[in-house]
Amino acid sequence: MAVAKKQTLTPPPTGYEEDGFLWHQEQVALLRARRFDELDLENVIVEMEDMGNEKRNALMSSYRVLMMHLLKWEFQPEKRSMSWYGTILRERGNIEDRLQESPSLKTRRHELLARAYKRAAREAVGETNMPRSAFPVTNPYTFEQLDDFDFLPGPAKPDPRD
């Protein structure tokens with residue numbers, strides 16, 4: 001007499017490395033169902049850490065892009081454009097959104113700005129073809145200036161908004 005195979009009602013879980021998106025969806029479903037003992041806990045922890053790092057890195061990236069464009073605006077006034085101005089506004093909005101979503105990141109802004117400024121200055125050198133010595137060694141902008149949608153450094157003219 002043959003023994004019948006036991007059928008599983010649910011497919012085996014997807015591996016974290018096999019299909020990250022599907023794995024994520026399965027973990028969410030397990031959490032919602034409160035089936036905690038079935039979670040891939042090690043990888044859930046890794047994902048949670050990565051999510052926090054992504055939020056921090058996204059904020060730092062917005063500061064980097066903002067400061068690079070403020071440097072270009074200030075030190076190459078003859079080349080100002082609406083594109084630069086649009087990028088300045090967009091990144092200020094991104095920063096505002098990111099700090100509203102994760103207010104605890106405000107306590108890390110000093111660290112993030114210092115790192116972001118080093119990269120911003122290097123990128124400004126690359127985009128302006130000006131020497132590194134043309135730009136301040138450390139970040140010249142205050143938090144208030146970076147957050148102020150009306151602040152633009154350097155001489156008042158030429159301003160493409162006029």
# chains A, B, ... in the order shown; residues from 1 in each chain; ligands from 1
call {"tool": "closest_atom_pairs", "arguments": {"of": "segment 12-100 of chain A", "to": "segment 107-116 of chain A", "cutoff": "7 Å", "atoms": "only C-alpha atoms", "output": "tab-separated table"}}
result
residue	atom	partner	partner_atom	distance
A:Met60	CA	A:Leu112	CA	5.5
A:Ser61	CA	A:Ala116	CA	6.9
A:Tyr63	CA	A:Ala116	CA	6.2
A:Arg64	CA	A:Ala116	CA	4.6
call {"tool": "write_last_selection", "arguments": {"atoms": "N, CA, C and O atoms", "output": "PDB file, in the first residue's frame"}}
result
ATOM      1  N   MET A  60      21.705  62.889   3.472  1.00  0.00           N
ATOM      2  CA  MET A  60      23.053  63.366   3.179  1.00  0.00           C
ATOM      3  C   MET A  60      23.210  63.668   1.690  1.00  0.00           C
ATOM      4  O   MET A  60      23.831  64.653   1.312  1.00  0.00           O
ATOM      5  N   SER A  61      22.615  62.860   0.848  1.00  0.00           N
ATOM      6  CA  SER A  61      22.678  63.090  -0.592  1.00  0.00           C
ATOM      7  C   SER A  61      21.992  64.402  -0.974  1.00  0.00           C
ATOM      8  O   SER A  61      22.507  65.162  -1.798  1.00  0.00           O
ATOM      9  N   TYR A  63      21.627  67.027   0.966  1.00  0.00           N
ATOM     10  CA  TYR A  63      22.509  68.106   1.413  1.00  0.00           C
ATOM     11  C   TYR A  63      23.688  68.269   0.454  1.00  0.00           C
ATOM     12  O   TYR A  63      24.092  69.387   0.129  1.00  0.00           O
ATOM     13  N   ARG A  64      24.246  67.172  -0.006  1.00  0.00           N
ATOM     14  CA  ARG A  64      25.387  67.227  -0.928  1.00  0.00           C
ATOM     15  C   ARG A  64      25.010  67.950  -2.206  1.00  0.00           C
ATOM     16  O   ARG A  64      25.697  68.876  -2.651  1.00  0.00           O
TER      17      ARG A  64
END
call {"tool": "residues_around", "arguments": {"residues": "Thr87 of chain A", "least_positions_apart": "6", "cutoff": "9 Å", "atoms": "only C-alpha atoms", "output": "compact mmCIF listing (two decimals) with all heavy atoms, in the first residue's frame"}}
result
# COMPACT_ATOMS: atom_id res chain seq x y z
N VAL A 65 23.90 67.56 -2.81
CA VAL A 65 23.47 68.17 -4.07
C VAL A 65 23.13 69.65 -3.85
O VAL A 65 23.51 70.51 -4.65
CB VAL A 65 22.27 67.40 -4.68
CG1 VAL A 65 21.70 68.13 -5.88
CG2 VAL A 65 22.70 65.98 -5.05
N LEU A 66 22.44 69.95 -2.75
CA LEU A 66 22.09 71.34 -2.44
C LEU A 66 23.36 72.19 -2.30
O LEU A 66 23.48 73.24 -2.93
CB LEU A 66 21.26 71.41 -1.16
CG LEU A 66 21.00 72.83 -0.61
CD1 LEU A 66 20.24 73.69 -1.61
CD2 LEU A 66 20.27 72.74 0.72
N HIS A 69 25.24 72.87 -5.56
CA HIS A 69 24.60 73.89 -6.38
C HIS A 69 24.71 75.28 -5.76
O HIS A 69 24.83 76.27 -6.49
CB HIS A 69 23.15 73.51 -6.68
CG HIS A 69 23.04 72.53 -7.79
ND1 HIS A 69 23.31 71.19 -7.64
CD2 HIS A 69 22.74 72.71 -9.09
CE1 HIS A 69 23.17 70.59 -8.80
NE2 HIS A 69 22.83 71.48 -9.70
call {"tool": "residues_around", "arguments": {"residues": "segment 145-159 of chain A", "least_positions_apart": "2", "cutoff": "7 Å", "atoms": "only C-alpha atoms", "output": "VMD selection string"}}
result
chain A and resid 70 73 to 74 77 to 78 80 89 92 141 to 143 161 to 162
call {"tool": "select_by_dssp", "arguments": {"residues": "segment 26-156 of chain A", "states": "alpha helix (DSSP H)", "output": "PyMOL selection string"}}
result
chain A and resi 26-32+41-75+82-101+109-128+143-147
call {"tool": "closest_atom_pairs", "arguments": {"of": "segment 24-90 of chain A", "to": "segment 126-131 of chain A", "cutoff": "10 Å", "atoms": "only C-alpha atoms", "output": "CSV"}}
result
residue,atom,partner,partner_atom,distance
A:Met68,CA,A:Glu127,CA,9.1
A:His69,CA,A:Glu127,CA,9.7
A:Leu71,CA,A:Thr128,CA,9.6
A:Lys72,CA,A:Thr128,CA,7.0
A:Phe75,CA,A:Thr128,CA,8.9
A:Gln76,CA,A:Thr128,CA,7.6
A:Lys79,CA,A:Thr128,CA,9.4
call {"tool": "write_last_selection", "arguments": {"atoms": "all heavy atoms", "output": "PDB file, in the first residue's frame"}}
result
ATOM      1  N   MET A  68      26.402  71.631  -3.336  1.00  0.00           N
ATOM      2  CA  MET A  68      27.158  71.730  -4.587  1.00  0.00           C
ATOM      3  C   MET A  68      26.555  72.812  -5.479  1.00  0.00           C
ATOM      4  O   MET A  68      27.266  73.618  -6.063  1.00  0.00           O
ATOM      5  CB  MET A  68      27.152  70.381  -5.312  1.00  0.00           C
ATOM      6  CG  MET A  68      28.133  70.319  -6.468  1.00  0.00           C
ATOM      7  SD  MET A  68      27.383  70.284  -8.097  1.00  0.00           S
ATOM      8  CE  MET A  68      26.285  68.926  -8.015  1.00  0.00           C
ATOM      9  N   HIS A  69      25.236  72.873  -5.555  1.00  0.00           N
ATOM     10  CA  HIS A  69      24.599  73.891  -6.383  1.00  0.00           C
ATOM     11  C   HIS A  69      24.708  75.285  -5.764  1.00  0.00           C
ATOM     12  O   HIS A  69      24.835  76.274  -6.488  1.00  0.00           O
ATOM     13  CB  HIS A  69      23.148  73.507  -6.675  1.00  0.00           C
ATOM     14  CG  HIS A  69      23.040  72.525  -7.791  1.00  0.00           C
ATOM     15  ND1 HIS A  69      23.310  71.194  -7.640  1.00  0.00           N
ATOM     16  CD2 HIS A  69      22.737  72.705  -9.095  1.00  0.00           C
ATOM     17  CE1 HIS A  69      23.167  70.586  -8.800  1.00  0.00           C
ATOM     18  NE2 HIS A  69      22.828  71.483  -9.700  1.00  0.00           N
ATOM     19  N   LEU A  71      27.293  76.269  -4.029  1.00  0.00           N
ATOM     20  CA  LEU A  71      28.668  76.659  -4.340  1.00  0.00           C
ATOM     21  C   LEU A  71      28.779  77.159  -5.776  1.00  0.00           C
ATOM     22  O   LEU A  71      29.394  78.200  -6.038  1.00  0.00           O
ATOM     23  CB  LEU A  71      29.626  75.485  -4.118  1.00  0.00           C
ATOM     24  CG  LEU A  71      29.894  75.085  -2.675  1.00  0.00           C
ATOM     25  CD1 LEU A  71      30.653  73.766  -2.618  1.00  0.00           C
ATOM     26  CD2 LEU A  71      30.647  76.189  -1.934  1.00  0.00           C
ATOM     27  N   LYS A  72      28.192  76.430  -6.712  1.00  0.00           N
ATOM     28  CA  LYS A  72      28.228  76.861  -8.109  1.00  0.00           C
ATOM     29  C   LYS A  72      27.543  78.220  -8.246  1.00  0.00           C
ATOM     30  O   LYS A  72      28.042  79.107  -8.942  1.00  0.00           O
ATOM     31  CB  LYS A  72      27.550  75.826  -9.016  1.00  0.00           C
ATOM     32  CG  LYS A  72      28.309  74.534  -9.109  1.00  0.00           C
ATOM     33  CD  LYS A  72      27.784  73.535 -10.121  1.00  0.00           C
ATOM     34  CE  LYS A  72      26.322  73.466 -10.337  1.00  0.00           C
ATOM     35  NZ  LYS A  72      25.913  72.440 -11.325  1.00  0.00           N
ATOM     36  N   PHE A  75      29.932  80.907  -6.619  1.00  0.00           N
ATOM     37  CA  PHE A  75      31.263  81.113  -7.176  1.00  0.00           C
ATOM     38  C   PHE A  75      31.309  81.171  -8.704  1.00  0.00           C
ATOM     39  O   PHE A  75      32.347  81.478  -9.267  1.00  0.00           O
ATOM     40  CB  PHE A  75      32.232  80.055  -6.639  1.00  0.00           C
ATOM     41  CG  PHE A  75      32.477  80.221  -5.164  1.00  0.00           C
ATOM     42  CD1 PHE A  75      31.750  79.484  -4.237  1.00  0.00           C
ATOM     43  CD2 PHE A  75      33.402  81.138  -4.709  1.00  0.00           C
ATOM     44  CE1 PHE A  75      31.959  79.653  -2.875  1.00  0.00           C
ATOM     45  CE2 PHE A  75      33.620  81.324  -3.344  1.00  0.00           C
ATOM     46  CZ  PHE A  75      32.886  80.575  -2.424  1.00  0.00           C
ATOM     47  N   GLN A  76      30.196  80.902  -9.349  1.00  0.00           N
ATOM     48  CA  GLN A  76      30.111  81.087 -10.797  1.00  0.00           C
ATOM     49  C   GLN A  76      28.821  81.820 -11.142  1.00  0.00           C
ATOM     50  O   GLN A  76      27.958  81.312 -11.861  1.00  0.00           O
ATOM     51  CB  GLN A  76      30.152  79.746 -11.542  1.00  0.00           C
ATOM     52  CG  GLN A  76      31.543  79.237 -11.790  1.00  0.00           C
ATOM     53  CD  GLN A  76      31.556  78.139 -12.836  1.00  0.00           C
ATOM     54  OE1 GLN A  76      30.644  77.321 -12.946  1.00  0.00           O
ATOM     55  NE2 GLN A  76      32.619  78.115 -13.623  1.00  0.00           N
ATOM     56  N   LYS A  79      27.226  81.974 -14.642  1.00  0.00           N
ATOM     57  CA  LYS A  79      26.676  80.765 -15.270  1.00  0.00           C
ATOM     58  C   LYS A  79      25.387  80.290 -14.601  1.00  0.00           C
ATOM     59  O   LYS A  79      24.908  79.193 -14.893  1.00  0.00           O
ATOM     60  CB  LYS A  79      27.721  79.649 -15.251  1.00  0.00           C
ATOM     61  CG  LYS A  79      28.912  79.971 -16.126  1.00  0.00           C
ATOM     62  CD  LYS A  79      29.774  78.763 -16.333  1.00  0.00           C
ATOM     63  CE  LYS A  79      30.898  79.115 -17.296  1.00  0.00           C
ATOM     64  NZ  LYS A  79      31.708  77.973 -17.623  1.00  0.00           N
TER      65      LYS A  79
END
call {"tool": "atom_distance", "arguments": {"atom1": "atom CA of Asn53 of chain A", "atom2": "atom CA of Leu99 of chain A"}}
result
14.1 Å
call {"tool": "closest_residue", "arguments": {"among": "A:Lys106, A:Lys55, A:Ser62, A:Glu49", "to": "Arg90 of chain A", "atoms": "only C-alpha atoms"}}
result
A:Ser62
call {"tool": "closest_residue", "arguments": {"among": "A:His24, A:Arg56, A:Arg32, A:Arg122", "to": "Ile95 of chain A", "atoms": "only C-alpha atoms"}}
result
A:Arg56
call {"tool": "decode", "arguments": {"residues": "segment 135-150 of chain A", "atoms": "all heavy atoms", "output": "PDB file, in the first residue's frame"}}
result
ATOM      1  N   PHE A 135      37.043  77.174  -3.395  1.00  0.00           N
ATOM      2  CA  PHE A 135      35.894  76.942  -2.518  1.00  0.00           C
ATOM      3  C   PHE A 135      36.349  76.860  -1.063  1.00  0.00           C
ATOM      4  O   PHE A 135      37.478  76.436  -0.781  1.00  0.00           O
ATOM      5  CB  PHE A 135      35.183  75.642  -2.913  1.00  0.00           C
ATOM      6  CG  PHE A 135      34.699  75.647  -4.338  1.00  0.00           C
ATOM      7  CD1 PHE A 135      35.370  74.929  -5.318  1.00  0.00           C
ATOM      8  CD2 PHE A 135      33.585  76.384  -4.706  1.00  0.00           C
ATOM      9  CE1 PHE A 135      34.942  74.938  -6.642  1.00  0.00           C
ATOM     10  CE2 PHE A 135      33.143  76.411  -6.022  1.00  0.00           C
ATOM     11  CZ  PHE A 135      33.828  75.685  -6.985  1.00  0.00           C
ATOM     12  N   PRO A 136      35.477  77.227  -0.136  1.00  0.00           N
ATOM     13  CA  PRO A 136      35.839  77.128   1.283  1.00  0.00           C
ATOM     14  C   PRO A 136      36.226  75.697   1.674  1.00  0.00           C
ATOM     15  O   PRO A 136      35.695  74.729   1.122  1.00  0.00           O
ATOM     16  CB  PRO A 136      34.559  77.560   2.005  1.00  0.00           C
ATOM     17  CG  PRO A 136      33.800  78.364   1.003  1.00  0.00           C
ATOM     18  CD  PRO A 136      34.138  77.782  -0.332  1.00  0.00           C
ATOM     19  N   VAL A 137      37.120  75.592   2.624  1.00  0.00           N
ATOM     20  CA  VAL A 137      37.584  74.286   3.099  1.00  0.00           C
ATOM     21  C   VAL A 137      36.463  73.554   3.828  1.00  0.00           C
ATOM     22  O   VAL A 137      36.303  72.342   3.680  1.00  0.00           O
ATOM     23  CB  VAL A 137      38.819  74.453   4.023  1.00  0.00           C
ATOM     24  CG1 VAL A 137      39.217  73.124   4.639  1.00  0.00           C
ATOM     25  CG2 VAL A 137      39.967  75.054   3.247  1.00  0.00           C
ATOM     26  N   THR A 138      35.695  74.297   4.617  1.00  0.00           N
ATOM     27  CA  THR A 138      34.574  73.707   5.356  1.00  0.00           C
ATOM     28  C   THR A 138      33.267  74.347   4.895  1.00  0.00           C
ATOM     29  O   THR A 138      33.260  75.410   4.276  1.00  0.00           O
ATOM     30  CB  THR A 138      34.732  73.898   6.880  1.00  0.00           C
ATOM     31  OG1 THR A 138      34.811  75.301   7.157  1.00  0.00           O
ATOM     32  CG2 THR A 138      35.986  73.188   7.392  1.00  0.00           C
ATOM     33  N   ASN A 139      32.196  73.721   5.229  1.00  0.00           N
ATOM     34  CA  ASN A 139      30.866  74.169   4.829  1.00  0.00           C
ATOM     35  C   ASN A 139      30.612  75.619   5.282  1.00  0.00           C
ATOM     36  O   ASN A 139      30.608  75.896   6.475  1.00  0.00           O
ATOM     37  CB  ASN A 139      29.821  73.234   5.441  1.00  0.00           C
ATOM     38  CG  ASN A 139      28.410  73.709   5.210  1.00  0.00           C
ATOM     39  OD1 ASN A 139      28.138  74.471   4.290  1.00  0.00           O
ATOM     40  ND2 ASN A 139      27.505  73.259   6.046  1.00  0.00           N
ATOM     41  N   PRO A 140      30.370  76.532   4.338  1.00  0.00           N
ATOM     42  CA  PRO A 140      30.136  77.928   4.705  1.00  0.00           C
ATOM     43  C   PRO A 140      28.677  78.252   5.019  1.00  0.00           C
ATOM     44  O   PRO A 140      28.363  79.387   5.398  1.00  0.00           O
ATOM     45  CB  PRO A 140      30.581  78.681   3.446  1.00  0.00           C
ATOM     46  CG  PRO A 140      30.250  77.735   2.331  1.00  0.00           C
ATOM     47  CD  PRO A 140      30.506  76.359   2.895  1.00  0.00           C
ATOM     48  N   TYR A 141      27.778  77.276   4.871  1.00  0.00           N
ATOM     49  CA  TYR A 141      26.348  77.545   5.002  1.00  0.00           C
ATOM     50  C   TYR A 141      25.810  77.043   6.337  1.00  0.00           C
ATOM     51  O   TYR A 141      26.103  75.938   6.775  1.00  0.00           O
ATOM     52  CB  TYR A 141      25.578  76.895   3.842  1.00  0.00           C
ATOM     53  CG  TYR A 141      26.161  77.252   2.503  1.00  0.00           C
ATOM     54  CD1 TYR A 141      26.739  76.271   1.695  1.00  0.00           C
ATOM     55  CD2 TYR A 141      26.172  78.567   2.042  1.00  0.00           C
ATOM     56  CE1 TYR A 141      27.297  76.597   0.457  1.00  0.00           C
ATOM     57  CE2 TYR A 141      26.730  78.902   0.817  1.00  0.00           C
ATOM     58  CZ  TYR A 141      27.292  77.908   0.033  1.00  0.00           C
ATOM     59  OH  TYR A 141      27.852  78.240  -1.186  1.00  0.00           O
ATOM     60  N   THR A 142      24.971  77.869   6.960  1.00  0.00           N
ATOM     61  CA  THR A 142      24.335  77.485   8.224  1.00  0.00           C
ATOM     62  C   THR A 142      23.101  76.631   7.936  1.00  0.00           C
ATOM     63  O   THR A 142      22.589  76.607   6.804  1.00  0.00           O
ATOM     64  CB  THR A 142      23.897  78.732   9.018  1.00  0.00           C
ATOM     65  OG1 THR A 142      22.860  79.404   8.277  1.00  0.00           O
ATOM     66  CG2 THR A 142      25.070  79.674   9.268  1.00  0.00           C
ATOM     67  N   PHE A 143      22.609  75.967   8.974  1.00  0.00           N
ATOM     68  CA  PHE A 143      21.366  75.205   8.815  1.00  0.00           C
ATOM     69  C   PHE A 143      20.239  76.132   8.371  1.00  0.00           C
ATOM     70  O   PHE A 143      19.415  75.757   7.537  1.00  0.00           O
ATOM     71  CB  PHE A 143      20.963  74.511  10.128  1.00  0.00           C
ATOM     72  CG  PHE A 143      21.861  73.382  10.514  1.00  0.00           C
ATOM     73  CD1 PHE A 143      22.454  73.365  11.755  1.00  0.00           C
ATOM     74  CD2 PHE A 143      22.109  72.328   9.650  1.00  0.00           C
ATOM     75  CE1 PHE A 143      23.280  72.316  12.130  1.00  0.00           C
ATOM     76  CE2 PHE A 143      22.926  71.282  10.011  1.00  0.00           C
ATOM     77  CZ  PHE A 143      23.524  71.277  11.259  1.00  0.00           C
ATOM     78  N   GLU A 144      20.198  77.326   8.941  1.00  0.00           N
ATOM     79  CA  GLU A 144      19.148  78.283   8.593  1.00  0.00           C
ATOM     80  C   GLU A 144      19.211  78.636   7.109  1.00  0.00           C
ATOM     81  O   GLU A 144      18.170  78.708   6.436  1.00  0.00           O
ATOM     82  CB  GLU A 144      19.255  79.546   9.456  1.00  0.00           C
ATOM     83  CG  GLU A 144      18.963  79.338  10.933  1.00  0.00           C
ATOM     84  CD  GLU A 144      20.107  78.665  11.708  1.00  0.00           C
ATOM     85  OE1 GLU A 144      21.277  78.693  11.242  1.00  0.00           O
ATOM     86  OE2 GLU A 144      19.825  78.087  12.772  1.00  0.00           O
ATOM     87  N   GLN A 145      20.410  78.850   6.598  1.00  0.00           N
ATOM     88  CA  GLN A 145      20.552  79.176   5.179  1.00  0.00           C
ATOM     89  C   GLN A 145      20.170  77.988   4.297  1.00  0.00           C
ATOM     90  O   GLN A 145      19.493  78.150   3.280  1.00  0.00           O
ATOM     91  CB  GLN A 145      21.992  79.601   4.881  1.00  0.00           C
ATOM     92  CG  GLN A 145      22.356  80.943   5.471  1.00  0.00           C
ATOM     93  CD  GLN A 145      23.842  81.228   5.362  1.00  0.00           C
ATOM     94  OE1 GLN A 145      24.672  80.330   5.406  1.00  0.00           O
ATOM     95  NE2 GLN A 145      24.175  82.518   5.232  1.00  0.00           N
ATOM     96  N   LEU A 146      20.593  76.809   4.693  1.00  0.00           N
ATOM     97  CA  LEU A 146      20.278  75.622   3.896  1.00  0.00           C
ATOM     98  C   LEU A 146      18.775  75.353   3.871  1.00  0.00           C
ATOM     99  O   LEU A 146      18.243  74.878   2.860  1.00  0.00           O
ATOM    100  CB  LEU A 146      21.034  74.399   4.429  1.00  0.00           C
ATOM    101  CG  LEU A 146      22.552  74.450   4.271  1.00  0.00           C
ATOM    102  CD1 LEU A 146      23.201  73.293   5.021  1.00  0.00           C
ATOM    103  CD2 LEU A 146      22.949  74.439   2.800  1.00  0.00           C
ATOM    104  N   ASP A 147      18.099  75.658   4.955  1.00  0.00           N
ATOM    105  CA  ASP A 147      16.654  75.408   5.047  1.00  0.00           C
ATOM    106  C   ASP A 147      15.803  76.517   4.438  1.00  0.00           C
ATOM    107  O   ASP A 147      14.623  76.314   4.166  1.00  0.00           O
ATOM    108  CB  ASP A 147      16.239  75.249   6.521  1.00  0.00           C
ATOM    109  CG  ASP A 147      16.800  73.987   7.159  1.00  0.00           C
ATOM    110  OD1 ASP A 147      17.238  73.080   6.425  1.00  0.00           O
ATOM    111  OD2 ASP A 147      16.806  73.929   8.408  1.00  0.00           O
ATOM    112  N   ASP A 148      16.396  77.692   4.232  1.00  0.00           N
ATOM    113  CA  ASP A 148      15.664  78.871   3.773  1.00  0.00           C
ATOM    114  C   ASP A 148      15.482  78.837   2.255  1.00  0.00           C
ATOM    115  O   ASP A 148      16.435  78.992   1.497  1.00  0.00           O
ATOM    116  CB  ASP A 148      16.433  80.134   4.183  1.00  0.00           C
ATOM    117  CG  ASP A 148      15.717  81.419   3.812  1.00  0.00           C
ATOM    118  OD1 ASP A 148      14.683  81.380   3.093  1.00  0.00           O
ATOM    119  OD2 ASP A 148      16.216  82.487   4.232  1.00  0.00           O
ATOM    120  N   PHE A 149      14.244  78.649   1.815  1.00  0.00           N
ATOM    121  CA  PHE A 149      13.946  78.553   0.384  1.00  0.00           C
ATOM    122  C   PHE A 149      14.276  79.846  -0.374  1.00  0.00           C
ATOM    123  O   PHE A 149      14.387  79.834  -1.591  1.00  0.00           O
ATOM    124  CB  PHE A 149      12.477  78.168   0.159  1.00  0.00           C
ATOM    125  CG  PHE A 149      12.215  76.698   0.327  1.00  0.00           C
ATOM    126  CD1 PHE A 149      12.016  76.149   1.588  1.00  0.00           C
ATOM    127  CD2 PHE A 149      12.187  75.848  -0.776  1.00  0.00           C
ATOM    128  CE1 PHE A 149      11.779  74.785   1.736  1.00  0.00           C
ATOM    129  CE2 PHE A 149      11.947  74.487  -0.634  1.00  0.00           C
ATOM    130  CZ  PHE A 149      11.748  73.958   0.633  1.00  0.00           C
ATOM    131  N   ASP A 150      14.429  80.949   0.334  1.00  0.00           N
ATOM    132  CA  ASP A 150      14.742  82.220  -0.312  1.00  0.00           C
ATOM    133  C   ASP A 150      16.236  82.551  -0.314  1.00  0.00           C
ATOM    134  O   ASP A 150      16.651  83.491  -0.986  1.00  0.00           O
ATOM    135  CB  ASP A 150      13.970  83.361   0.369  1.00  0.00           C
ATOM    136  CG  ASP A 150      12.474  83.234   0.160  1.00  0.00           C
ATOM    137  OD1 ASP A 150      12.059  82.822  -0.950  1.00  0.00           O
ATOM    138  OD2 ASP A 150      11.723  83.524   1.103  1.00  0.00           O
TER     139      ASP A 150
END
